[in-house]
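Okay, input-v3.tsv now, which holds TSV, C-alpha atoms and all ligand atoms:
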chain	number	residue	atom	x	y	z
A	1	MET	CA	24.51	3.13	0.10
A	2	VAL	CA	20.82	2.22	-0.06
A	3	LEU	CA	18.62	5.10	1.15
A	4	VAL	CA	15.03	4.45	2.26
A	5	TYR	CA	12.63	7.38	2.53
A	6	ALA	CA	10.53	6.55	5.62
A	7	GLU	CA	7.06	8.11	5.41
A	8	SER	CA	5.40	9.54	8.49
A	9	GLN	CA	2.02	10.89	9.48
A	10	ASP	CA	1.15	13.05	12.49
A	11	GLY	CA	4.80	12.92	13.58
A	12	LYS	CA	4.90	9.09	13.67
A	13	LEU	CA	6.34	6.57	11.25
A	14	LYS	CA	3.84	4.81	8.99
A	15	LYS	CA	3.54	1.03	9.26
A	16	SER	CA	4.85	0.63	5.70
A	17	THR	CA	8.23	2.08	6.71
A	18	ALA	CA	9.13	-1.09	8.63
A	19	GLU	CA	8.63	-3.04	5.38
A	20	ALA	CA	10.56	-0.48	3.33
A	21	VAL	CA	13.57	-0.47	5.68
A	22	THR	CA	13.58	-4.28	5.95
A	23	TYR	CA	13.59	-4.33	2.15
A	24	GLY	CA	16.31	-1.65	2.04
A	25	LYS	CA	18.51	-3.70	4.36
A	26	LYS	CA	18.10	-6.84	2.23
A	27	THR	CA	18.82	-4.86	-0.94
A	28	ALA	CA	21.92	-3.38	0.70
A	29	GLU	CA	23.11	-6.89	1.62
A	30	VAL	CA	22.77	-8.00	-2.02
A	31	LEU	CA	24.86	-5.00	-3.11
A	32	GLY	CA	27.35	-5.15	-0.22
A	33	MET	CA	26.29	-1.69	0.96
A	34	ASP	CA	24.85	-0.03	4.09
A	35	CYS	CA	21.19	0.89	4.43
A	36	ALA	CA	20.26	4.33	5.76
A	37	ALA	CA	16.81	5.79	6.34
A	38	LEU	CA	15.64	9.36	5.79
A	39	VAL	CA	12.73	11.06	7.57
A	40	LEU	CA	11.33	14.45	6.63
A	41	GLY	CA	9.84	16.81	9.20
A	42	SER	CA	9.50	16.09	12.88
A	43	VAL	CA	9.12	12.33	13.56
A	44	SER	CA	9.25	11.23	17.20
A	45	ASP	CA	10.00	7.50	16.64
A	46	ALA	CA	12.48	7.86	13.73
A	47	GLY	CA	15.23	6.07	15.68
A	48	ASP	CA	13.11	2.88	15.65
A	49	LEU	CA	14.09	2.42	12.01
A	50	GLY	CA	17.37	1.04	13.37
A	51	LYS	CA	15.40	-2.00	14.54
A	52	TYR	CA	14.60	-2.91	10.95
A	53	GLY	CA	18.17	-2.67	9.72
A	54	ALA	CA	18.93	1.00	9.09
A	55	SER	CA	22.54	1.64	10.14
A	56	ALA	CA	21.86	5.41	10.14
A	57	VAL	CA	18.73	7.55	10.33
A	58	HIS	CA	18.88	11.06	8.87
A	59	GLN	CA	16.29	13.73	9.46
A	60	ILE	CA	15.61	16.97	7.60
A	61	THR	CA	13.36	19.36	9.49
A	62	SER	CA	13.26	22.43	7.24
A	63	ASP	CA	10.12	24.58	7.47
A	64	GLY	CA	9.03	23.74	3.93
A	65	LEU	CA	8.59	20.07	4.86
A	66	ALA	CA	5.78	20.45	7.39
A	67	HIS	CA	3.22	19.23	4.81
A	68	PHE	CA	3.75	16.76	2.00
A	69	ASP	CA	4.51	18.45	-1.30
A	70	SER	CA	6.05	16.42	-4.11
A	71	GLN	CA	8.24	19.35	-5.25
A	72	THR	CA	9.90	20.14	-1.91
A	73	TYR	CA	10.01	16.48	-0.83
A	74	THR	CA	11.69	15.53	-4.11
A	75	GLN	CA	14.29	18.28	-3.61
A	76	ALA	CA	14.95	17.17	-0.04
A	77	ILE	CA	15.27	13.45	-0.84
A	78	ALA	CA	17.35	14.05	-3.99
A	79	LYS	CA	19.75	16.41	-2.19
A	80	ALA	CA	20.06	13.98	0.74
A	81	ALA	CA	20.70	11.09	-1.68
A	82	GLU	CA	23.41	13.14	-3.43
A	83	GLN	CA	25.06	14.19	-0.14
A	84	LEU	CA	25.05	10.61	1.15
A	85	GLY	CA	26.14	9.09	-2.16
A	86	ALA	CA	23.09	6.81	-2.34
A	87	LYS	CA	23.05	4.34	-5.24
A	88	VAL	CA	19.55	2.99	-4.59
A	89	VAL	CA	16.61	5.02	-3.24
A	90	ILE	CA	13.60	3.07	-1.95
A	91	LEU	CA	10.13	4.50	-1.37
A	92	SER	CA	6.86	2.86	-0.33
A	93	HIS	CA	4.40	2.27	-3.19
A	94	SER	CA	1.94	4.67	-1.56
A	95	THR	CA	0.27	7.75	-3.01
A	96	THR	CA	3.25	9.71	-1.66
A	97	GLY	CA	5.87	7.30	-3.02
A	98	LYS	CA	4.20	7.09	-6.42
A	99	SER	CA	4.11	10.87	-6.75
A	100	LEU	CA	7.81	11.15	-5.82
A	101	LEU	CA	9.18	8.32	-7.97
A	102	GLY	CA	9.16	10.04	-11.38
A	103	ARG	CA	10.40	13.40	-10.09
A	104	LEU	CA	13.21	11.75	-8.13
A	105	ALA	CA	14.25	9.61	-11.09
A	106	VAL	CA	14.60	12.76	-13.22
A	107	ARG	CA	16.44	14.70	-10.50
A	108	LEU	CA	18.89	11.85	-9.86
A	109	ASN	CA	19.16	10.75	-13.51
A	110	ALA	CA	18.11	7.33	-12.24
A	111	GLY	CA	16.36	4.33	-13.73
A	112	SER	CA	13.13	3.63	-11.87
A	113	VAL	CA	10.70	0.77	-11.30
A	114	SER	CA	7.39	1.22	-9.48
A	115	GLY	CA	5.74	-1.41	-7.29
A	116	VAL	CA	8.59	-3.92	-6.95
A	117	ASN	CA	7.78	-7.02	-4.92
A	118	SER	CA	11.00	-9.05	-4.66
A	119	ILE	CA	14.47	-8.64	-3.23
A	120	PRO	CA	16.74	-7.55	-6.12
A	121	THR	CA	19.47	-9.77	-7.51
A	122	ASN	CA	22.81	-8.47	-8.75
A	123	ASP	CA	24.34	-11.49	-10.51
A	124	GLY	CA	27.21	-10.47	-12.75
A	125	GLY	CA	26.63	-6.85	-11.74
A	126	THR	CA	23.18	-6.72	-13.42
A	127	PHE	CA	20.62	-5.30	-10.98
A	128	LYS	CA	17.27	-7.06	-11.48
A	129	VAL	CA	13.99	-6.84	-9.66
A	130	ASN	CA	10.45	-8.19	-10.13
A	131	LYS	CA	7.04	-6.54	-10.21
A	132	ASN	CA	3.51	-7.62	-11.06
A	133	VAL	CA	2.21	-6.57	-14.47
A	134	PHE	CA	-1.03	-6.95	-16.44
A	135	SER	CA	-3.19	-6.41	-13.35
A	136	GLY	CA	-1.29	-9.02	-11.38
A	137	LYS	CA	-1.63	-11.74	-14.03
A	138	ALA	CA	2.10	-11.91	-14.78
A	139	LEU	CA	5.42	-11.22	-13.14
A	140	ALA	CA	7.99	-9.14	-15.02
A	141	GLU	CA	11.70	-8.96	-14.33
A	142	TYR	CA	13.28	-5.52	-14.78
A	143	ALA	CA	16.99	-4.84	-15.10
A	144	ILE	CA	18.07	-1.32	-14.06
A	145	SER	CA	21.37	-0.37	-15.66
A	146	SER	CA	21.71	3.26	-14.49
A	147	ASP	CA	24.23	4.10	-11.77
A	148	ILE	CA	21.46	5.30	-9.44
A	149	LYS	CA	18.21	3.38	-9.08
A	150	VAL	CA	14.87	4.46	-7.61
A	151	MET	CA	12.08	2.03	-6.71
A	152	THR	CA	8.77	1.95	-4.90
A	153	LEU	CA	8.07	-1.18	-2.84
A	154	SER	CA	4.63	-2.72	-3.21
A	155	GLY	CA	2.90	-2.97	0.20
A	156	ASN	CA	2.76	-6.32	2.03
A	157	SER	CA	5.53	-7.76	-0.19
A	158	LEU	CA	7.64	-8.91	2.74
A	159	LYS	CA	7.29	-9.18	6.49
A	160	PRO	CA	9.11	-6.48	8.51
A	161	GLU	CA	12.04	-8.11	10.32
A	162	GLU	CA	13.54	-6.72	13.49
A	163	SER	CA	17.27	-7.26	13.21
A	164	GLY	CA	18.71	-4.48	15.36
A	165	ALA	CA	17.93	-1.84	17.94
A	166	ALA	CA	16.73	1.77	17.90
A	167	ILE	CA	19.53	4.19	16.97
A	168	SER	CA	20.10	7.91	17.32
A	169	VAL	CA	18.94	10.24	14.57
A	170	SER	CA	21.28	12.72	12.88
A	171	THR	CA	20.01	15.98	11.44
A	172	MET	CA	20.90	16.95	7.87
A	173	GLU	CA	20.97	20.53	6.62
A	174	VAL	CA	19.18	20.49	3.29
A	175	ASP	CA	17.27	23.30	1.62
A	176	PRO	CA	14.15	21.80	0.00
A	177	GLY	CA	13.48	25.04	-1.88
A	178	THR	CA	10.05	26.57	-2.15
A	179	SER	CA	7.06	24.97	-3.74
A	180	ARG	CA	4.69	26.59	-6.22
A	181	VAL	CA	1.89	24.97	-4.21
A	182	ARG	CA	0.77	26.51	-0.90
A	183	VAL	CA	-1.00	24.12	1.51
A	184	THR	CA	-3.69	26.04	3.36
A	185	ASP	CA	-5.44	23.19	5.16
A	186	VAL	CA	-5.04	19.45	5.71
A	187	THR	CA	-7.90	17.21	6.86
A	188	LEU	CA	-6.85	13.69	7.71
A	189	GLN	CA	-9.29	10.84	7.83
A	190	LYS	CA	-9.06	9.30	11.28
A	191	GLY	CA	-10.28	5.96	12.48
A	192	ASP	CA	-9.44	2.96	14.62
A	193	VAL	CA	-8.61	0.75	11.65
A	194	ALA	CA	-5.76	0.95	9.14
A	195	PRO	CA	-6.32	3.03	5.98
A	196	LEU	CA	-7.25	0.82	3.00
A	197	PRO	CA	-3.84	0.76	1.24
A	198	GLU	CA	-2.17	-0.46	4.46
A	199	ALA	CA	-4.96	-2.70	5.79
A	200	GLU	CA	-4.21	-6.35	6.51
A	201	LEU	CA	-7.89	-7.28	6.88
A	202	VAL	CA	-10.51	-5.95	4.47
A	203	VAL	CA	-14.26	-6.56	4.28
A	204	SER	CA	-15.70	-5.44	0.96
A	205	ALA	CA	-19.15	-5.43	-0.58
A	206	GLY	CA	-20.77	-4.73	-3.92
A	207	ARG	CA	-24.06	-4.22	-5.69
A	208	GLY	CA	-25.45	-7.40	-4.15
A	209	MET	CA	-26.02	-5.29	-1.02
A	210	LYS	CA	-29.06	-3.74	-2.77
A	211	GLY	CA	-28.67	-0.34	-1.11
A	212	PRO	CA	-26.55	1.77	1.26
A	213	GLU	CA	-29.01	1.25	4.12
A	214	ASN	CA	-27.93	-2.42	4.31
A	215	TRP	CA	-24.24	-1.72	4.95
A	216	THR	CA	-24.54	-2.09	8.74
A	217	ILE	CA	-23.96	-5.86	8.46
A	218	ILE	CA	-20.72	-5.23	6.51
A	219	GLU	CA	-19.55	-2.64	9.04
A	220	GLU	CA	-20.36	-5.03	11.89
A	221	LEU	CA	-18.38	-7.85	10.24
A	222	ALA	CA	-15.46	-5.47	9.68
A	223	ASP	CA	-15.73	-4.27	13.28
A	224	SER	CA	-15.68	-7.84	14.64
A	225	LEU	CA	-12.39	-8.46	12.81
A	226	GLY	CA	-10.84	-4.99	13.19
A	227	ALA	CA	-10.93	-4.81	9.39
A	228	THR	CA	-11.15	-1.88	6.99
A	229	THR	CA	-14.17	-1.62	4.67
A	230	ALA	CA	-13.98	-1.46	0.86
A	231	CYS	CA	-16.41	-1.67	-2.05
A	232	SER	CA	-16.74	-2.32	-5.78
A	233	ARG	CA	-16.70	0.60	-8.20
A	234	PRO	CA	-20.43	0.83	-9.08
A	235	VAL	CA	-21.22	1.10	-5.38
A	236	ALA	CA	-18.96	4.14	-5.06
A	237	ASP	CA	-20.20	5.56	-8.38
A	238	ILE	CA	-23.85	5.41	-7.26
A	239	GLY	CA	-22.86	7.08	-3.99
A	240	TRP	CA	-23.66	4.16	-1.68
A	241	ARG	CA	-20.10	4.31	-0.32
A	242	PRO	CA	-17.32	6.92	-0.39
A	243	HIS	CA	-14.94	6.86	-3.36
A	244	HIS	CA	-11.87	6.19	-1.24
A	245	GLU	CA	-13.30	2.70	-0.52
A	246	HIS	CA	-13.41	1.72	-4.19
A	247	VAL	CA	-10.91	-1.05	-4.96
A	248	GLY	CA	-9.89	-2.39	-8.35
A	249	GLN	CA	-8.19	-1.38	-11.55
A	250	THR	CA	-9.43	2.20	-11.33
A	251	GLY	CA	-9.52	2.32	-7.53
A	252	VAL	CA	-7.11	1.39	-4.77
A	253	ALA	CA	-5.00	-1.72	-5.38
A	254	ILE	CA	-4.70	-3.68	-2.15
A	255	LYS	CA	-2.82	-6.71	-0.91
A	256	PRO	CA	-4.27	-7.59	2.50
A	257	ASN	CA	-3.78	-10.89	4.31
A	258	LEU	CA	-7.57	-11.41	4.21
A	259	TYR	CA	-10.08	-10.03	1.71
A	260	ILE	CA	-13.75	-10.88	2.29
A	261	ALA	CA	-15.99	-9.96	-0.66
A	262	ALA	CA	-19.78	-10.08	-0.23
A	263	GLY	CA	-22.16	-9.50	-3.15
A	264	ILE	CA	-19.35	-8.72	-5.62
A	265	SER	CA	-19.37	-10.57	-8.95
A	266	GLY	CA	-15.58	-10.56	-9.40
A	267	ALA	CA	-15.27	-8.71	-12.71
A	268	ILE	CA	-11.73	-8.59	-14.07
A	269	GLN	CA	-11.46	-4.87	-13.27
A	270	HIS	CA	-12.32	-5.57	-9.63
A	271	LEU	CA	-9.95	-8.55	-9.40
A	272	ALA	CA	-7.12	-6.42	-10.79
A	273	GLY	CA	-6.98	-4.52	-7.50
A	274	VAL	CA	-7.50	-7.37	-5.06
A	275	ASN	CA	-6.14	-10.61	-6.54
A	276	SER	CA	-2.80	-10.24	-4.75
A	277	SER	CA	-4.61	-10.65	-1.42
A	278	LYS	CA	-3.16	-13.56	0.54
A	279	CYS	CA	-6.57	-15.15	1.31
A	280	ILE	CA	-9.80	-14.33	-0.54
A	281	VAL	CA	-13.22	-15.30	0.86
A	282	VAL	CA	-16.18	-14.83	-1.47
A	283	ILE	CA	-19.83	-14.75	-0.43
A	284	ASN	CA	-22.15	-14.79	-3.45
A	285	LYS	CA	-25.49	-16.45	-4.12
A	286	ASP	CA	-24.68	-17.11	-7.80
A	287	PRO	CA	-22.58	-20.29	-8.20
A	288	GLU	CA	-21.44	-18.97	-11.61
A	289	ALA	CA	-20.01	-15.72	-10.15
A	290	PRO	CA	-16.47	-15.35	-11.58
A	291	PHE	CA	-15.11	-14.38	-8.17
A	292	PHE	CA	-15.32	-18.01	-7.02
A	293	LYS	CA	-12.49	-18.88	-9.44
A	294	ALA	CA	-10.17	-16.45	-7.61
A	295	ALA	CA	-11.37	-17.43	-4.12
A	296	ASP	CA	-9.53	-19.45	-1.49
A	297	TYR	CA	-12.85	-20.00	0.30
A	298	GLY	CA	-16.29	-19.56	-1.24
A	299	VAL	CA	-19.71	-19.44	0.38
A	300	CYS	CA	-22.49	-19.83	-2.19
A	301	ALA	CA	-25.40	-18.35	-0.25
A	302	ASP	CA	-27.43	-15.23	0.47
A	303	LEU	CA	-25.08	-12.70	2.05
A	304	PHE	CA	-27.89	-11.31	4.22
A	305	GLU	CA	-28.01	-14.70	5.99
A	306	VAL	CA	-24.29	-15.52	5.98
A	307	VAL	CA	-22.69	-12.20	6.97
A	308	PRO	CA	-24.52	-11.74	10.33
A	309	LYS	CA	-23.81	-15.41	11.20
A	310	LEU	CA	-20.13	-14.94	10.37
A	311	THR	CA	-19.99	-11.81	12.54
A	312	ALA	CA	-21.65	-13.62	15.44
A	313	ALA	CA	-19.24	-16.58	15.09
A	314	ILE	CA	-16.19	-14.28	15.03
A	315	ARG	CA	-17.42	-12.34	18.07
A	316	LYS	CA	-18.05	-15.61	19.93
A	317	ALA	CA	-14.61	-16.97	19.00
A	318	LYS	CA	-12.93	-13.72	20.09
A	319	ALA	CA	-14.86	-13.66	23.40
B	401	LIG	C1	-12.64	0.60	-17.55
B	401	LIG	C2	-13.35	-0.02	-16.37
B	401	LIG	C3	-12.75	0.04	-15.14
B	401	LIG	C4	-13.40	-0.52	-14.04
B	401	LIG	N1	-12.79	-0.47	-12.81
B	401	LIG	C5	-13.36	-1.10	-11.76
B	401	LIG	C6	-12.73	-1.12	-10.48
B	401	LIG	O1	-11.67	-0.54	-10.28
B	401	LIG	N2	-13.36	-1.77	-9.47
B	401	LIG	C7	-14.54	-2.42	-9.63
B	401	LIG	O2	-15.05	-3.01	-8.65
B	401	LIG	N3	-15.17	-2.41	-10.82
B	401	LIG	C8	-14.62	-1.75	-11.88
B	401	LIG	N4	-15.26	-1.75	-13.06
B	401	LIG	C9	-16.63	-2.30	-13.14
B	401	LIG	C10	-16.63	-3.82	-13.26
B	401	LIG	O3	-16.54	-4.18	-14.63
B	401	LIG	C11	-17.93	-4.40	-12.70
B	401	LIG	O4	-19.03	-3.82	-13.38
B	401	LIG	C12	-18.10	-4.18	-11.21
B	401	LIG	O5	-16.97	-4.61	-10.50
B	401	LIG	C13	-19.33	-4.93	-10.72
B	401	LIG	O6	-19.59	-4.55	-9.39
B	401	LIG	P1	-20.37	-5.55	-8.43
B	401	LIG	O7	-19.70	-6.86	-8.45
B	401	LIG	O8	-20.53	-4.84	-7.12
B	401	LIG	O9	-21.82	-5.61	-9.10
B	401	LIG	P2	-22.53	-6.74	-9.96
B	401	LIG	O10	-21.73	-7.09	-11.15
B	401	LIG	O11	-23.90	-6.25	-10.16
B	401	LIG	O12	-22.51	-8.01	-9.01
B	401	LIG	C14	-23.28	-8.15	-7.86
B	401	LIG	C15	-23.05	-9.56	-7.34
B	401	LIG	O13	-23.77	-9.71	-6.14
B	401	LIG	C16	-24.34	-11.02	-6.11
B	401	LIG	N5	-25.50	-10.95	-5.23
B	401	LIG	C17	-26.67	-10.28	-5.41
B	401	LIG	N6	-27.48	-10.43	-4.35
B	401	LIG	C18	-26.79	-11.22	-3.47
B	401	LIG	C19	-27.11	-11.75	-2.20
B	401	LIG	N7	-28.27	-11.48	-1.58
B	401	LIG	N8	-26.20	-12.55	-1.59
B	401	LIG	C20	-25.04	-12.85	-2.19
B	401	LIG	N9	-24.68	-12.38	-3.40
B	401	LIG	C21	-25.57	-11.56	-4.03
B	401	LIG	C22	-24.70	-11.31	-7.55
B	401	LIG	O14	-24.77	-12.72	-7.76
B	401	LIG	C23	-23.55	-10.66	-8.30
B	401	LIG	O15	-22.51	-11.59	-8.53
B	401	LIG	C24	-14.65	-1.16	-14.19
B	401	LIG	C25	-15.21	-1.24	-15.46
B	401	LIG	C26	-14.58	-0.67	-16.53
B	401	LIG	C27	-15.22	-0.79	-17.89
Can you give me the file's structure in the form of structure tokens?
Ligand SMILES: Cc1cc2nc3c(=O)[nH]c(=O)nc-3n(C[C@H](O)[C@H](O)[C@H](O)COP(=O)(O)OP(=O)(O)OC[C@H]3O[C@@H](n4cnc5c(N)ncnc54)[C@H](O)[C@@H]3O)c2cc1C
Amino acid sequence: MVLVYAESQDGKLKKSTAEAVTYGKKTAEVLGMDCAALVLGSVSDAGDLGKYGASAVHQITSDGLAHFDSQTYTQAIAKAAEQLGAKVVILSHSTTGKSLLGRLAVRLNAGSVSGVNSIPTNDGGTFKVNKNVFSGKALAEYAISSDIKVMTLSGNSLKPEESGAAISVSTMEVDPGTSRVRVTDVTLQKGDVAPLPEAELVVSAGRGMKGPENWTIIEELADSLGATTACSRPVADIGWRPHHEHVGQTGVAIKPNLYIAAGISGAIQHLAGVNSSKCIVVINKDPEAPFFKAADYGVCADLFEVVPKLTAAIRKAKA
């Protein structure tokens, strides 16, 4: 069986779970197995995972799972995988998934690959899967030879496919143990737009903005599109923007459908986190800016003139 851990937040499935279960179903087809999904804690729409190809949805609601903790979550997922006889465990390549991957691999004595982006093959019984390496400049093929395999799925690697209907959820009795970490408070960032790692539309800006007081035009452009805002590293380092907006090699790696970059030079360290975006639009007044080489569309002009015009055009088109 292929087991997909379906992440949730505020009692609802995260968007990335539809991708993960679609991927789990396709992996299960390659291996001639069933795909099951696992949710931890109370999740009201867990049965919807059936729509994306899960033939069973299991839920563990032990007290220790109310807040994410990599120790208790690892115990719960590993014990569920053992009880269900899972041969492949799939997680989203999120902060949560990344922190679980190594622990789970050790617990299950499994080979692991992080950030896979293709449906596995199993020709001649050799399980192979691809992932981006060298900051997205190359694609590597990994063969996993262990009996049990654990992988995180890179976001936006495939489109969620509805292939079934919602199904009933069965409860599993699993003791996740106790953690050495006690969560005393959780503050979630709330907003109307998707968080950066899950965003499909991103508007980003860099040092070309000259100062934090000028960011209104970026926020207005993002607002007109329903996009999430991001920034280059120096901008976060100077304190013009919050650190969670910093994208790149040392920041968040994103893969949106549209990435608009204004006043960002396109240094290799920045590109490392954004060059898997499906469509890149660069606004920069320097024709020699390296970002233009990575762009699908480039506007060589002053961003302070172009960005408000773009916002007005989008608002007009939407109206
Ligand atoms: C180990 C290491 C890790 C790093 N990790 C990251 C990372 O994760 N993310 C990251 O972003 N950087 C990272 N960096 C920094 C990176 O090398 C660059 O210095 C940084 O990305 C540059 O930011 P910027 O493009 O905003 O600024 P600049 O390089 O100063 O570029 C500003 C751009 O704005 C343009 N501009 C100026 N005024 C206007 C205007 N009015 N209209 C239009 N365009 C204008 C300029 O032509 C220029 O191209 C890292 C560096 C190191 C050494």
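The residue set within 10 Å of Gly164 in chain A, counting all atoms listed in the file and dropping same-chain residues fewer than 6 places from it, reads Asp48, Leu49, Gly50, Lys51, Tyr52, Gly53, Ala54 and Ser55 of chain A.
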Task: Within 9 Å of Thr152 in chain A using only C-alpha atoms, minus same-chain residues under 5 positions, as a list in words - done: Ala20, Val89, Ile90, Leu91, Ser92, His93, Ser94, Gly97, Lys98, Leu101, Ser112, Val113, Ser114, Gly115 and Val116 of chain A
Open item on the list: Under the rule that all atoms listed in the file are counted, which of A:Gly11, A:His67, A:Val57, A:Pro290 is the nearest residue to Asp185 in chain A?
Closed with: A:His67
Open item on the list: Considering all atoms listed in the file, can you say which of A:Ser265, A:Asn130, A:Ser204, A:Ser277 comes closest to ligand LIG 401 (chain B)?
Closed with: A:Ser265
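Considering all atoms listed in the file, the residue among A:Gly226, A:Pro242, A:Gly208, A:Pro308 positioned nearest to ligand LIG 401 (chain B) is A:Gly208.
Here CA of Leu100 in chain A stands at a distance of 27.7 Å from CA of Ala236 in chain A.
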Open item on the list: Counting all atoms listed in the file, which residues sit no farther than 10 Å from the position (11.3, -10.6, 10.1) in the file's frame? I'd like them as an MDAnalysis selection string.
Closed with: chainID A and resid 18:19 22 52 158:163
Closest-contact table, chain A side, partner ligand LIG 401 (chain B), 9 Å, counting only C-alpha atoms and all ligand atoms, as a tab-separated table:
residue	atom	partner	partner_atom	distance
A:Ala205	CA	B:LIG401	O8	6.7
A:Gly206	CA	B:LIG401	O8	3.2
A:Arg207	CA	B:LIG401	O8	3.9
A:Gly208	CA	B:LIG401	C17	3.4
A:Met209	CA	B:LIG401	N6	6.3
A:Lys210	CA	B:LIG401	N6	7.1
A:Cys231	CA	B:LIG401	O2	6.9
A:Ser232	CA	B:LIG401	O2	3.4
A:Arg233	CA	B:LIG401	C7	4.0
A:Pro234	CA	B:LIG401	O6	5.5
A:Val235	CA	B:LIG401	O8	6.2
A:Ala236	CA	B:LIG401	O2	8.9
A:His246	CA	B:LIG401	N2	6.3
A:Val247	CA	B:LIG401	N2	5.2
A:Gly248	CA	B:LIG401	O1	3.2
A:Gln249	CA	B:LIG401	O1	3.8
A:Thr250	CA	B:LIG401	O1	3.7
A:Gly251	CA	B:LIG401	O1	4.5
A:Val252	CA	B:LIG401	O1	7.4
A:Ala253	CA	B:LIG401	O1	8.4
A:Ala262	CA	B:LIG401	C20	6.3
A:Gly263	CA	B:LIG401	O13	3.4
A:Ile264	CA	B:LIG401	O7	3.4
A:Ser265	CA	B:LIG401	O15	3.3
A:Gly266	CA	B:LIG401	O7	5.6
A:Ala267	CA	B:LIG401	O5	5.0
A:Ile268	CA	B:LIG401	O3	6.5
A:Gln269	CA	B:LIG401	C5	4.5
A:His270	CA	B:LIG401	C7	3.9
A:Leu271	CA	B:LIG401	O2	7.6
A:Ala272	CA	B:LIG401	O1	7.5
A:Gly273	CA	B:LIG401	O1	6.8
A:Ile283	CA	B:LIG401	C20	5.8
A:Asn284	CA	B:LIG401	N9	3.5
A:Lys285	CA	B:LIG401	C20	4.1
A:Asp286	CA	B:LIG401	O14	4.4
A:Pro287	CA	B:LIG401	O14	7.9
A:Glu288	CA	B:LIG401	O14	8.1
A:Ala289	CA	B:LIG401	O15	5.1
A:Pro290	CA	B:LIG401	O15	7.7
A:Phe291	CA	B:LIG401	O15	7.9
A:Val299	CA	B:LIG401	C20	8.9
A:Cys300	CA	B:LIG401	C20	7.4
A:Ala301	CA	B:LIG401	C20	5.8
A:Asp302	CA	B:LIG401	N8	3.6
A:Leu303	CA	B:LIG401	N8	3.8
A:Phe304	CA	B:LIG401	N7	5.8
A:Glu305	CA	B:LIG401	N8	8.1
A:Val306	CA	B:LIG401	N8	8.4
Task: Distance of CA of Ala36 in chain A from CA of Val169 in chain A, expressed in Å to one decimal place - done: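 Here the two named atoms are 10.7 Å from each other.
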Task: Neighbour list for Ser276 in chain A as a ChimeraX atom specification, cut-off 8 Å, only C-alpha atoms, skip fewer than 2 positions in-chain - done: /A:136,254-256,273-274,278
Using only C-alpha atoms, please write the residues we just selected to a file, as a PDB file, in the coordinates of the input.
ATOM      1  CA  GLY A 136      -1.290  -9.020 -11.380  1.00  0.00           C
ATOM      2  CA  ILE A 254      -4.700  -3.680  -2.150  1.00  0.00           C
ATOM      3  CA  LYS A 255      -2.820  -6.710  -0.910  1.00  0.00           C
ATOM      4  CA  PRO A 256      -4.270  -7.590   2.500  1.00  0.00           C
ATOM      5  CA  GLY A 273      -6.980  -4.520  -7.500  1.00  0.00           C
ATOM      6  CA  VAL A 274      -7.500  -7.370  -5.060  1.00  0.00           C
ATOM      7  CA  LYS A 278      -3.160 -13.560   0.540  1.00  0.00           C
TER       8      LYS A 278
END
TODO: Would you work out the distance separating CA of Met1 in chain A from CA of Lys25 in chain A, expressed in Å to one decimal?
DONE: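 The value is 10.0 Å.
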TODO: Would you kindly return, as a ChimeraX atom specification, each protein, DNA or RNA residue with an atom no farther than 8 Å from any atom of Asp175 in chain A, considering only C-alpha atoms and excluding same-chain residues fewer than 6 positions away?
DONE: /A:62,75-76
Task: Shortest interatomic distance to Gln59 in chain A - which of A:Ser179, A:Thr17, A:Thr171, A:Gln9, counting all atoms listed in the file - done: A:Thr171
